[in-house]
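Asks: Data: start_29.cif, mmCIF, C-alpha atoms and all ligand atoms.
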data_upload
#
loop_
_atom_site.label_atom_id
_atom_site.label_comp_id
_atom_site.auth_asym_id
_atom_site.auth_seq_id
_atom_site.Cartn_x
_atom_site.Cartn_y
_atom_site.Cartn_z
CA MET J 1 6.85 0.24 23.87
CA ILE J 2 4.52 -1.84 21.70
CA SER J 3 3.02 0.46 19.08
CA GLU J 4 -0.75 0.45 19.08
CA SER J 5 -2.75 -1.21 16.34
CA ALA J 6 -3.61 0.83 13.28
CA PHE J 7 -7.01 -0.75 13.71
CA ALA J 8 -8.35 -2.60 16.72
CA LEU J 9 -11.79 -4.16 16.40
CA ARG J 10 -13.34 -5.70 19.49
CA GLY J 11 -16.48 -7.80 19.57
CA LEU J 12 -18.13 -6.20 16.54
CA VAL J 13 -21.64 -7.54 15.94
CA LYS J 14 -24.22 -6.51 13.35
CA HIS J 15 -27.65 -7.97 12.61
CA PHE J 16 -29.93 -7.06 9.74
CA ASP J 17 -33.34 -8.20 11.00
CA GLN J 18 -32.89 -11.93 11.67
CA LYS J 19 -29.69 -12.12 9.64
CA VAL J 20 -26.40 -12.08 11.56
CA ALA J 21 -24.04 -10.31 9.17
CA VAL J 22 -21.13 -9.99 11.61
CA ALA J 23 -21.12 -12.33 14.56
CA GLY J 24 -18.36 -10.99 16.82
CA VAL J 25 -15.20 -9.82 15.10
CA ASP J 26 -11.95 -9.16 16.94
CA LEU J 27 -9.11 -7.98 14.76
CA ASP J 28 -5.81 -6.15 15.17
CA VAL J 29 -4.23 -4.59 12.13
CA PRO J 30 -0.56 -3.85 12.84
CA PRO J 31 0.69 -0.37 11.89
CA GLY J 32 2.59 -0.38 8.61
CA SER J 33 0.92 -3.58 7.44
CA PHE J 34 -0.69 -4.32 4.11
CA PHE J 35 -3.69 -6.24 5.34
CA GLY J 36 -6.00 -8.30 3.12
CA LEU J 37 -9.49 -9.22 4.27
CA LEU J 38 -10.79 -12.24 2.39
CA GLY J 39 -14.00 -14.18 2.47
CA PRO J 40 -16.72 -15.59 0.22
CA ASN J 41 -19.69 -13.48 -0.95
CA GLY J 42 -21.80 -12.50 2.02
CA ALA J 43 -19.08 -13.33 4.59
CA GLY J 44 -19.45 -9.94 6.28
CA LYS J 45 -16.37 -8.12 4.98
CA THR J 46 -18.13 -4.94 3.83
CA THR J 47 -20.25 -4.85 6.98
CA THR J 48 -17.13 -5.22 9.15
CA LEU J 49 -15.19 -2.53 7.29
CA SER J 50 -18.20 -0.18 7.36
CA MET J 51 -18.41 -0.51 11.14
CA ALA J 52 -14.64 -0.17 11.48
CA VAL J 53 -14.60 3.22 9.74
CA GLY J 54 -17.72 4.67 11.33
CA LEU J 55 -20.10 4.34 8.38
CA LEU J 56 -22.35 1.76 10.04
CA ARG J 57 -23.16 1.66 13.74
CA PRO J 58 -22.47 -1.76 15.27
CA ASP J 59 -25.05 -3.48 17.50
CA SER J 60 -22.16 -3.98 19.89
CA GLY J 61 -18.39 -3.79 19.97
CA THR J 62 -15.81 -1.09 19.39
CA ALA J 63 -13.44 0.06 16.68
CA THR J 64 -10.37 2.20 17.24
CA VAL J 65 -7.99 3.77 14.72
CA LEU J 66 -4.50 4.35 16.13
CA GLY J 67 -6.07 4.40 19.58
CA HIS J 68 -9.02 6.68 18.75
CA ASP J 69 -12.51 5.28 19.06
CA VAL J 70 -14.34 5.67 15.76
CA TRP J 71 -17.69 6.27 17.45
CA ALA J 72 -16.62 8.15 20.61
CA ASP J 73 -14.00 10.32 18.91
CA PRO J 74 -15.14 10.43 15.27
CA VAL J 75 -13.51 13.69 14.20
CA LEU J 76 -10.01 12.63 15.16
CA ALA J 77 -10.47 9.03 14.01
CA LYS J 78 -11.78 10.13 10.62
CA ARG J 79 -8.92 12.54 10.13
CA LEU J 80 -6.56 9.57 10.35
CA LEU J 81 -8.62 7.50 7.95
CA GLY J 82 -8.97 7.38 4.19
CA VAL J 83 -11.94 5.30 3.10
CA MET J 84 -13.06 3.92 -0.22
CA PRO J 85 -16.33 2.16 0.50
CA ASP J 86 -17.94 -0.44 -1.74
CA GLY J 87 -20.13 1.10 -4.45
CA VAL J 88 -18.72 4.49 -3.57
CA ARG J 89 -21.40 7.10 -3.22
CA LEU J 90 -19.68 10.15 -4.59
CA PHE J 91 -20.91 13.63 -5.37
CA ASP J 92 -21.14 12.45 -8.92
CA ARG J 93 -22.60 15.51 -10.65
CA LEU J 94 -19.11 17.01 -10.50
CA ASP J 95 -16.12 16.32 -12.74
CA GLY J 96 -13.04 14.65 -11.21
CA ALA J 97 -11.18 17.87 -10.38
CA GLU J 98 -14.32 19.47 -8.89
CA LEU J 99 -15.01 16.38 -6.79
CA LEU J 100 -11.50 16.39 -5.35
CA ALA J 101 -11.66 20.15 -4.70
CA TYR J 102 -15.01 19.73 -2.94
CA THR J 103 -13.74 16.75 -0.91
CA GLY J 104 -10.62 18.66 0.16
CA LEU J 105 -12.58 21.75 1.21
CA LEU J 106 -15.04 19.58 3.17
CA ARG J 107 -12.04 18.22 5.05
CA GLY J 108 -10.87 21.74 5.87
CA MET J 109 -7.74 21.54 3.74
CA ASP J 110 -5.84 24.52 2.31
CA PRO J 111 -7.24 25.15 -1.21
CA ALA J 112 -3.75 25.52 -2.73
CA VAL J 113 -2.71 22.13 -1.31
CA VAL J 114 -5.95 20.56 -2.52
CA ASP J 115 -5.40 21.97 -5.99
CA GLN J 116 -1.86 20.67 -6.25
CA ARG J 117 -2.65 17.21 -4.86
CA ALA J 118 -5.78 16.90 -7.00
CA ARG J 119 -3.81 17.59 -10.16
CA GLU J 120 -1.15 15.05 -9.19
CA LEU J 121 -3.71 12.39 -8.28
CA LEU J 122 -5.67 12.87 -11.51
CA ASP J 123 -2.44 12.63 -13.52
CA VAL J 124 -1.09 9.58 -11.71
CA LEU J 125 -4.40 7.75 -11.89
CA ALA J 126 -4.79 8.58 -15.58
CA LEU J 127 -8.00 10.50 -14.97
CA ALA J 128 -6.76 13.86 -16.21
CA ASP J 129 -7.89 12.97 -19.75
CA ALA J 130 -11.48 12.64 -18.54
CA GLY J 131 -11.49 16.46 -18.35
CA ARG J 132 -14.99 17.81 -17.78
CA THR J 133 -16.69 14.40 -17.85
CA LEU J 134 -18.96 14.14 -14.82
CA VAL J 135 -18.16 11.37 -12.36
CA VAL J 136 -21.68 10.00 -12.89
CA ASP J 137 -20.62 9.26 -16.48
CA TYR J 138 -17.32 7.60 -15.49
CA SER J 139 -16.83 3.89 -16.11
CA ALA J 140 -16.84 1.54 -13.08
CA GLY J 141 -13.04 1.42 -13.02
CA MET J 142 -12.76 5.21 -13.28
CA LYS J 143 -15.17 5.55 -10.35
CA LYS J 144 -12.90 3.24 -8.32
CA LYS J 145 -9.93 5.41 -9.16
CA ILE J 146 -11.59 8.72 -8.30
CA GLY J 147 -12.81 7.07 -5.07
CA LEU J 148 -9.22 6.14 -4.29
CA ALA J 149 -8.04 9.67 -5.11
CA SER J 150 -10.65 11.08 -2.69
CA ALA J 151 -9.50 8.67 0.01
CA LEU J 152 -5.84 9.68 -0.46
CA LEU J 153 -6.29 13.44 -0.76
CA HIS J 154 -5.77 14.34 2.92
CA ALA J 155 -2.79 11.92 3.25
CA PRO J 156 -4.41 9.69 5.88
CA ARG J 157 -2.41 7.34 8.11
CA VAL J 158 -4.71 4.37 7.54
CA LEU J 159 -6.45 3.46 4.28
CA VAL J 160 -9.52 1.24 4.16
CA LEU J 161 -10.50 0.05 0.70
CA ASP J 162 -13.41 -2.19 -0.20
CA GLU J 163 -12.47 -4.25 -3.25
CA PRO J 164 -10.12 -1.66 -4.78
CA PHE J 165 -9.13 -3.93 -7.70
CA GLU J 166 -12.63 -4.85 -8.80
CA ALA J 167 -13.49 -3.48 -12.27
CA VAL J 168 -10.14 -1.84 -12.90
CA ASP J 169 -8.13 -2.74 -15.99
CA PRO J 170 -4.70 -4.40 -15.59
CA VAL J 171 -2.78 -1.19 -16.18
CA SER J 172 -4.84 0.71 -13.60
CA GLY J 173 -4.60 -2.26 -11.23
CA SER J 174 -0.84 -2.22 -11.42
CA LEU J 175 -0.85 1.54 -10.93
CA ILE J 176 -3.03 1.25 -7.84
CA ARG J 177 -0.76 -1.50 -6.49
CA ASP J 178 2.28 0.74 -6.93
CA ILE J 179 0.60 3.69 -5.22
CA LEU J 180 -0.49 1.54 -2.28
CA GLN J 181 2.90 -0.11 -1.96
CA ARG J 182 4.59 3.28 -1.88
CA TYR J 183 2.07 4.42 0.72
CA VAL J 184 2.88 1.44 2.97
CA THR J 185 6.64 1.87 2.47
CA GLY J 186 6.16 5.45 3.63
CA GLY J 187 4.64 4.23 6.91
CA GLY J 188 0.92 4.03 6.02
CA THR J 189 -1.33 1.09 6.76
CA VAL J 190 -3.70 -0.42 4.20
CA ILE J 191 -6.58 -2.76 4.90
CA PHE J 192 -8.57 -3.91 1.91
CA SER J 193 -11.08 -6.58 1.02
CA SER J 194 -10.58 -8.61 -2.11
CA HIS J 195 -11.48 -11.76 -3.96
CA VAL J 196 -8.31 -11.72 -6.01
CA MET J 197 -5.96 -14.17 -4.31
CA GLU J 198 -3.06 -13.42 -6.59
CA VAL J 199 -3.14 -9.72 -5.68
CA VAL J 200 -3.45 -10.47 -1.98
CA GLU J 201 -0.56 -12.94 -2.15
CA ARG J 202 1.59 -10.45 -3.99
CA LEU J 203 0.86 -7.41 -1.83
CA CYS J 204 -0.14 -8.37 1.66
CA THR J 205 1.96 -8.78 4.75
CA HIS J 206 -1.09 -9.98 6.71
CA VAL J 207 -4.40 -11.64 5.87
CA ALA J 208 -7.63 -12.54 7.59
CA ILE J 209 -10.21 -14.94 6.16
CA MET J 210 -13.84 -14.37 7.14
CA ALA J 211 -16.83 -16.67 6.71
CA ASP J 212 -20.30 -16.54 8.22
CA GLY J 213 -19.60 -13.24 9.96
CA ARG J 214 -16.52 -14.48 11.81
CA ILE J 215 -12.76 -14.35 11.37
CA LYS J 216 -11.75 -17.93 10.66
CA THR J 217 -8.03 -17.40 10.41
CA VAL J 218 -5.69 -14.42 10.70
CA GLY J 219 -1.98 -13.72 10.80
CA ASP J 220 1.00 -12.80 8.70
CA LEU J 221 0.82 -14.18 5.19
CA ALA J 222 3.54 -16.82 5.62
CA THR J 223 1.93 -18.19 8.78
CA VAL J 224 -1.57 -18.32 7.28
CA THR J 225 -0.43 -20.04 4.08
CA GLY J 226 2.27 -22.26 5.60
CA GLY J 227 3.94 -22.41 2.20
CA ARG J 228 0.77 -23.38 0.32
CA ASP J 229 -1.23 -21.40 -2.22
CA LEU J 230 -3.51 -18.86 -0.59
CA GLU J 231 -6.40 -20.09 -2.74
CA GLU J 232 -5.97 -23.62 -1.40
CA VAL J 233 -5.97 -22.34 2.18
CA PHE J 234 -8.99 -20.15 1.45
CA VAL J 235 -11.05 -23.04 0.04
CA GLU J 236 -10.10 -25.22 2.99
CA VAL J 237 -10.95 -22.52 5.56
CA VAL J 238 -14.30 -21.48 4.11
CA GLY J 239 -15.51 -24.99 3.41
CA GLY J 240 -14.89 -25.29 -0.31
CA ARG J 241 -17.22 -26.11 -3.14
CA THR J 242 -20.25 -28.28 -2.65
CA SER J 243 -21.47 -28.69 -6.24
CA THR J 244 -20.42 -31.83 -8.07
CA GLY J 245 -20.44 -30.52 -11.61
CA GLU J 246 -23.40 -32.79 -12.41
CA GLU J 247 -25.95 -30.00 -11.84
CA LEU J 248 -27.48 -27.88 -14.59
CA SER J 249 -27.44 -30.82 -16.98
CA TRP J 250 -30.30 -29.09 -18.87
CA LEU J 251 -27.84 -26.37 -19.81
N1 LIG S 1 -28.14 -3.25 4.46
C1 LIG S 1 -28.34 -4.55 4.57
N2 LIG S 1 -29.58 -5.04 4.80
C2 LIG S 1 -29.79 -6.36 4.94
N3 LIG S 1 -28.82 -7.30 4.87
C3 LIG S 1 -27.58 -6.88 4.64
C4 LIG S 1 -27.26 -5.50 4.47
N4 LIG S 1 -25.93 -5.37 4.26
C5 LIG S 1 -25.44 -6.63 4.28
N5 LIG S 1 -26.42 -7.53 4.51
C6 LIG S 1 -26.25 -8.99 4.62
O1 LIG S 1 -25.17 -9.23 5.49
C7 LIG S 1 -24.36 -10.30 5.02
C8 LIG S 1 -22.92 -9.84 4.87
O2 LIG S 1 -22.87 -8.93 3.79
P1 LIG S 1 -21.51 -8.17 3.38
O3 LIG S 1 -21.86 -7.21 2.30
O4 LIG S 1 -20.85 -7.63 4.60
O5 LIG S 1 -20.64 -9.37 2.79
P2 LIG S 1 -19.27 -9.34 1.98
O6 LIG S 1 -18.35 -10.31 2.64
O7 LIG S 1 -18.77 -7.95 1.82
O8 LIG S 1 -19.74 -9.94 0.58
P3 LIG S 1 -19.20 -9.69 -0.94
O9 LIG S 1 -17.88 -10.39 -1.05
O10 LIG S 1 -20.24 -10.37 -1.77
O11 LIG S 1 -19.10 -8.22 -1.18
C9 LIG S 1 -25.00 -10.78 3.71
O12 LIG S 1 -25.82 -11.89 4.02
C10 LIG S 1 -25.85 -9.61 3.28
O13 LIG S 1 -27.01 -10.03 2.59
#
As C-alpha cells, please, write out the structure in this file.
Replies:
Amino acid sequence: MISESAFALRGLVKHFDQKVAVAGVDLDVPPGSFFGLLGPNGAGKTTTLSMAVGLLRPDSGTATVLGHDVWADPVLAKRLLGVMPDGVRLFDRLDGAELLAYTGLLRGMDPAVVDQRARELLDVLALADAGRTLVVDYSAGMKKKIGLASALLHAPRVLVLDEPFEAVDPVSGSLIRDILQRYVTGGGTVIFSSHVMEVVERLCTHVAIMADGRIKTVGDLATVTGGRDLEEVFVEVVGGRTSTGEELSWL
C-alpha cells in the first residue's frame, strides 16, 4: 500500500483584492520527509502554509493532513498538526511556562503531561532561565523558540514551521535543527519555509521552490539540485538578479 501524503495540497488559490498571492498550488509532502519550501520575498510561501494548516481560507482548492481535510475535518486535522506561523501571535502576557500550560490545556491535554513536557521543552530550548519574563518581553529569537515549544507540546505527527531559523542565534539554530532531526527520525514530518539555503541543504530530504504564487520545481533534494549548489538552482529557477550594480551611484 502506498502511504498517504503527510500533506496533500490541491489547486490552492488565494487572492488579496487584485493581487494573486497563490495561483494554484499542488503539493505532496511525503510522510517522514524533511521538506523545505523556498522562494523569494512575496512568492506566496506564508500564504500557502497558512491555507495548508487551516489558518487562512483558500479561494479554492483543498488541503489534507494524513488524509484529513483541514477545512472539512478541522478538529482531527489540527490534532495531527503542530504549527508555528510567521510572526507568531502568542498569548504573550504570560511567561513561557504559563503559555505552555495554557496551550496544553486548550488542547485538552492531561495537566501532568503538560507540566512535564513544558519543563523539558523550556530546558532543552534554553528558555528556563527566562523565568517569569513575559513572552511579550522575549527577544525575537526567544519568541521563535517558545512558538516552536507550543507547536511541539502535543507531539503532533506533522510540523509546519514558517521561517523557524529566522532571528535565532547559531547555538539556538543548531539546537532547533537537532530537535527537528530527532523528530523526523522518530517518524514525524516537517515542512518549513526558509531563506537559508545552507540549512535547507543540510536538513531537507525534499524541497519545493515557489515564485509568483506557483511551485516552480519540487522533488527530493538530489533531484532538484542535480549535484549543483541549491543557491545556484534557486537563482536560476526564480529568475535571478536584475540589478547591474551600477544603481545607487549617489550612495
Ligand atoms: N493579508 C494580506 N493582504 C494583502 N496582501 C497580502 C496579504 N498577505 C500576503 N499578501 C501578499 O501576497 C503575496 C505573497 O505573500 P506571502 O507572505 O505569502 O509571501 P512569502 O513567500 O511568505 O514572502 P516572504 O519570504 O517575504 O515571507 C505578497 O505579494 C503579499 O504582499
Asks: So which residues are close to (-7.2, -12.4, 18.0), meaning at most 10 Å away in the file's coordinates with all atoms listed in the file counted, and can you show them as JSON, numbers by chain?
Replies: {"J": [8, 9, 10, 25, 26, 27, 28, 215, 217, 218, 219]}
Asks: Per residue of range 64-97 of chain J within 10 Å of range 50-59 of chain J, which atom pair is closest and at what distance in Å (one decimal), using all atoms listed in the file, listed by chain and increasing number, as a Markdown table?
Replies:
| residue | atom | partner | partner_atom | distance |
| --- | --- | --- | --- | --- |
| J:Thr64 | CA | J:Ala52 | CA | 7.6 |
| J:Val65 | CA | J:Val53 | CA | 8.3 |
| J:Asp69 | CA | J:Gly54 | CA | 9.3 |
| J:Val70 | CA | J:Gly54 | CA | 5.7 |
| J:Trp71 | CA | J:Gly54 | CA | 6.3 |
| J:Ala72 | CA | J:Gly54 | CA | 10.0 |
| J:Pro74 | CA | J:Gly54 | CA | 7.4 |
| J:Ala77 | CA | J:Val53 | CA | 8.3 |
| J:Lys78 | CA | J:Val53 | CA | 7.5 |
| J:Leu81 | CA | J:Val53 | CA | 7.6 |
| J:Gly82 | CA | J:Val53 | CA | 8.9 |
| J:Val83 | CA | J:Val53 | CA | 7.4 |
| J:Pro85 | CA | J:Ser50 | CA | 7.5 |
| J:Asp86 | CA | J:Ser50 | CA | 9.1 |
Asks: Counting all atoms listed in the file, what residues are within 7 Å of ligand LIG 1 (chain S), given as a list of chain:residue names?
Replies: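 Result of the 7 Å neighbour search around ligand LIG 1 (chain S): J:Phe16, J:Lys19, J:Val20, J:Ala21, J:Val22, J:Gly39, J:Pro40, J:Asn41, J:Gly42, J:Ala43, J:Gly44, J:Lys45, J:Thr46, J:Thr47, J:Thr48, J:Gly213.
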Asks: What lies within 12 Å of range 223-232 of chain J using only C-alpha atoms, ignoring chain neighbours under 4 positions off, as a ChimeraX atom specification?
Replies: /J:36,38-40,195-202,204-209,216-219,236-241
Asks: Find the residues around Met84 in chain J up to 12 Å (only C-alpha atoms counted), leave out those fewer than 4 positions away in its own chain, and share them as a PyMOL selection string.
Replies: chain J and resi 46+49-50+53+55+88-90+143-153+158-165+190-193
Asks: Let me know the centre plus edge lengths, in Å and rounded to one decimal, of a box with edges along x, y and z that contains all listed atoms of range 225-235 of chain J and is padded by 4 Å on every side, as AutoDock Vina command-line options.
Replies:
--center_x -3.6 --center_y -21.2 --center_z 1.4 --size_x 23.0 --size_y 12.8 --size_z 16.3
Asks: Between range 171-231 of chain J and range 120-132 of chain J, at 12 Å or less, what are the per-residue closest atom pairs and their distances in Å? Count all atoms listed in the file, order by chain and rising residue number, and return it as JSON lines.
Replies:
{"residue": "J:Val171", "atom": "CA", "partner": "J:Ala126", "partner_atom": "CA", "distance": 10.0}
{"residue": "J:Ser172", "atom": "CA", "partner": "J:Leu125", "partner_atom": "CA", "distance": 7.3}
{"residue": "J:Gly173", "atom": "CA", "partner": "J:Leu125", "partner_atom": "CA", "distance": 10.0}
{"residue": "J:Ser174", "atom": "CA", "partner": "J:Leu125", "partner_atom": "CA", "distance": 10.6}
{"residue": "J:Leu175", "atom": "CA", "partner": "J:Leu125", "partner_atom": "CA", "distance": 7.2}
{"residue": "J:Ile176", "atom": "CA", "partner": "J:Leu125", "partner_atom": "CA", "distance": 7.8}
{"residue": "J:Arg177", "atom": "CA", "partner": "J:Leu125", "partner_atom": "CA", "distance": 11.3}
{"residue": "J:Asp178", "atom": "CA", "partner": "J:Val124", "partner_atom": "CA", "distance": 10.6}
{"residue": "J:Ile179", "atom": "CA", "partner": "J:Val124", "partner_atom": "CA", "distance": 8.9}
Asks: Do a neighbour search on range 100-112 of chain J at 9 Å with all atoms listed in the file, toss out local chain neighbours closer than 3 positions, and write the hits as a VMD selection string.
Replies: chain J and resid 79 91 95 to 97 115 to 118 146 149 to 150 153 to 154
Asks: Go through J:Gln181, J:Thr189, J:Ser249, J:Ser194 one by one, measure the shortest atom-to-atom distance of each to Pro30 in chain J using all atoms listed in the file, and give the residue with the smallest value.
Replies: J:Thr189
Asks: Quick one: distance from CA of Val168 in chain J to CA of Phe7 in chain J in Å, one decimal?
Replies: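 Interatomic distance here is 26.8 Å.
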Asks: If you measure from CA of Glu166 in chain J to CA of Leu180 in chain J, what distance in Å do you get, rounded to one decimal?
Replies: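 Computing it gives 15.2 Å between the two atoms.
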Asks: Tell me which of J:Ser139, J:Gly188, J:Glu247, J:Leu80 sits closest to His68 in chain J, counting only C-alpha atoms.
Replies: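 Selected residue with least distance to His68 in chain J: J:Leu80.
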Asks: Do you have the CA of Tyr183 in chain J-CA of Ser33 in chain J distance handy?
Replies: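 These two atoms are separated by 10.5 Å.
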Asks: Counting all atoms listed in the file, which residue out of J:Leu251, J:Leu76, J:Gly61, J:Arg182 sits closest to Ala23 in chain J?
Replies: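 Result for the nearest residue to Ala23 in chain J: J:Gly61.
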